[in-house]
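The structure appears below as structure tokens.
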Amino acid sequence: MTQVLVISDVHANAIALEAVLNDAGNVDETWCLGDVVGYGPQPNECIERIRSLPNLTCMMGNHDFAAVGDMTLETFNTDARKALLWQRKLLNENSRSFLSSLPDELVVHGDVSLAHGSPRDPIWEYIMNTLVARINLAFFDTSWCFVGHTHFQAVFQFHATSDDLSIEVPRPAEPYELKERAILNPGSVGQPRDRDPRAAYAIFSPEAHTWEPRRVEYDIKAVQKMILDAGLPSRHAERLAGGW
């Protein structure tokens with residue numbers, strides 16, 4: 001049975017990424033929903049590791065776009081801008097080439113659409129509530145859409161009989177059965193913001209129609225030290241320990 005590793009928002013945290021890849025084990029495909037870089041201390045290492053994965057689909061995230069795009073960074077807060085400016089100088093040519101090649105439009109795999117932000121605005125829009133999720137149902141034709149960007153592990157589930165949407169937070173390691181249309185977020189590998197500091201990801205089984213959110217511990221202190229040693233904002237180190 002096919003198993004797809006779904007990751008998002010690695011944010012240059014290579015230690016968390018490696019923990020996720022080890023925990024996931026052998027998979028048939030990897031779908032990365034963007035933001036490989038930004039915030040963290042190891043952008044080149046994360047890009048090299050991700051691009052080496054077999055059967056990879058990787059979307060462009062807003063931090064990826066900002067790291068290689070010709071744009072000002074006023075959209076980002078002060079700390080995020082500092083990290084992006086630092087990473088712009090650090091990225092090697094292979095990394096720049098990889099990020100520049102990433103798709104910035106919706107990508108469809110079978111019955112699943114992929115975006116970083118939302119199907120309506122694949123790079124920038126956050127799906128944080130049921131109102132925005134419902135609007136976005138009209139912007140993809142597949143049964144399910146996988147997004148990142150918010151750093152929250154959640155499912156925006158449509159219910160046809162009642163014609164409404166709910167926010168579901170399935171328990172880690174418990175398969176969630178996919179029946180009706182839904183927008184699903186695997187959470188963040190490198191900077192979770194749902195008060196759980198463990199790296200987040202999901203396993204999607206296309207034949208079984210299941211989505212299994214997962215969490216895995218990693219060496220947060222080692223990443224914090226690298227952030228501070230690089231002179232990056234201390235807030236980016238502090239938030240890792242609390243998952244905020």
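For the structure tokens, the naming scheme is as follows: chains receive sequential letters (A, B, ...) according to their order of presentation, residues are indexed from 1 within each chain, and ligands are indexed from 1 in presentation order.
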With 10 Å as the cut-off and only C-alpha atoms counted, what is the closest atom pair between each nearby residue of range 85-200 of chain A and range 10-20 of chain A? Distances in Å to one decimal, ordered by chain and number, as a Markdown table.
| residue | atom | partner | partner_atom | distance |
| --- | --- | --- | --- | --- |
| A:Gln87 | CA | A:Ala12 | CA | 9.4 |
| A:His151 | CA | A:Val10 | CA | 9.8 |
| A:Gly187 | CA | A:Val10 | CA | 9.7 |
| A:Ser188 | CA | A:Val10 | CA | 6.3 |
| A:Val189 | CA | A:Val10 | CA | 4.8 |
| A:Gly190 | CA | A:Val10 | CA | 4.3 |
| A:Gln191 | CA | A:His11 | CA | 6.9 |
| A:Pro192 | CA | A:Val10 | CA | 9.4 |
| A:Arg198 | CA | A:Ala16 | CA | 8.4 |
| A:Ala199 | CA | A:Ala16 | CA | 6.0 |
| A:Ala200 | CA | A:Val20 | CA | 7.7 |
Go ahead and save the residues from that selection, with N, CA and C atoms, as a PDB file, in the first residue's frame.
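Generated file (selection38.pdb):
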ATOM      1  N   GLN A  87      20.053  34.374   5.522  1.00  0.00           N
ATOM      2  CA  GLN A  87      19.999  33.200   4.658  1.00  0.00           C
ATOM      3  C   GLN A  87      20.243  33.557   3.194  1.00  0.00           C
ATOM      4  N   HIS A 151       1.627  26.325  10.623  1.00  0.00           N
ATOM      5  CA  HIS A 151       2.397  25.574  11.642  1.00  0.00           C
ATOM      6  C   HIS A 151       1.471  24.879  12.646  1.00  0.00           C
ATOM      7  N   GLY A 187       1.185  20.285   9.965  1.00  0.00           N
ATOM      8  CA  GLY A 187       1.948  20.984  10.987  1.00  0.00           C
ATOM      9  C   GLY A 187       3.350  21.295  10.495  1.00  0.00           C
ATOM     10  N   SER A 188       4.170  21.794  11.393  1.00  0.00           N
ATOM     11  CA  SER A 188       5.513  22.231  11.024  1.00  0.00           C
ATOM     12  C   SER A 188       6.578  21.275  11.532  1.00  0.00           C
ATOM     13  N   VAL A 189       7.509  20.926  10.642  1.00  0.00           N
ATOM     14  CA  VAL A 189       8.664  20.122  11.046  1.00  0.00           C
ATOM     15  C   VAL A 189       9.572  20.934  11.956  1.00  0.00           C
ATOM     16  N   GLY A 190       9.924  22.145  11.532  1.00  0.00           N
ATOM     17  CA  GLY A 190      11.007  22.870  12.194  1.00  0.00           C
ATOM     18  C   GLY A 190      10.628  23.942  13.162  1.00  0.00           C
ATOM     19  N   GLN A 191       9.329  24.328  13.201  1.00  0.00           N
ATOM     20  CA  GLN A 191       8.919  25.367  14.149  1.00  0.00           C
ATOM     21  C   GLN A 191       7.421  25.252  14.457  1.00  0.00           C
ATOM     22  N   PRO A 192       7.011  24.186  15.170  1.00  0.00           N
ATOM     23  CA  PRO A 192       5.588  24.026  15.516  1.00  0.00           C
ATOM     24  C   PRO A 192       5.071  25.215  16.329  1.00  0.00           C
ATOM     25  N   ARG A 198       7.312  19.114  19.639  1.00  0.00           N
ATOM     26  CA  ARG A 198       7.805  18.013  18.816  1.00  0.00           C
ATOM     27  C   ARG A 198       7.585  18.310  17.326  1.00  0.00           C
ATOM     28  N   ALA A 199       8.517  17.862  16.505  1.00  0.00           N
ATOM     29  CA  ALA A 199       8.385  18.040  15.058  1.00  0.00           C
ATOM     30  C   ALA A 199       7.110  17.349  14.572  1.00  0.00           C
ATOM     31  N   ALA A 200       6.408  18.007  13.651  1.00  0.00           N
ATOM     32  CA  ALA A 200       5.116  17.501  13.163  1.00  0.00           C
ATOM     33  C   ALA A 200       5.208  17.107  11.699  1.00  0.00           C
TER      34      ALA A 200
END
Q.
So that I can check the surroundings of Asp141 in chain A, please list as a PyMOL selection string every protein, DNA and RNA residue that reaches within 10 Å of it, counting only C-alpha atoms and ignoring chain neighbours fewer than 6 positions away.
A. chain A and resi 108+111-113+119+181
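Closest approach to Gly242 in chain A among A:Thr72, A:Lys221, A:Arg193, A:Leu131: A:Arg193, based on only C-alpha atoms.
Of the listed residues A:Arg134, A:His63, A:His209, A:Arg214, the one whose atoms come nearest to His116 in chain A is A:His63, with distances taken using only C-alpha atoms.
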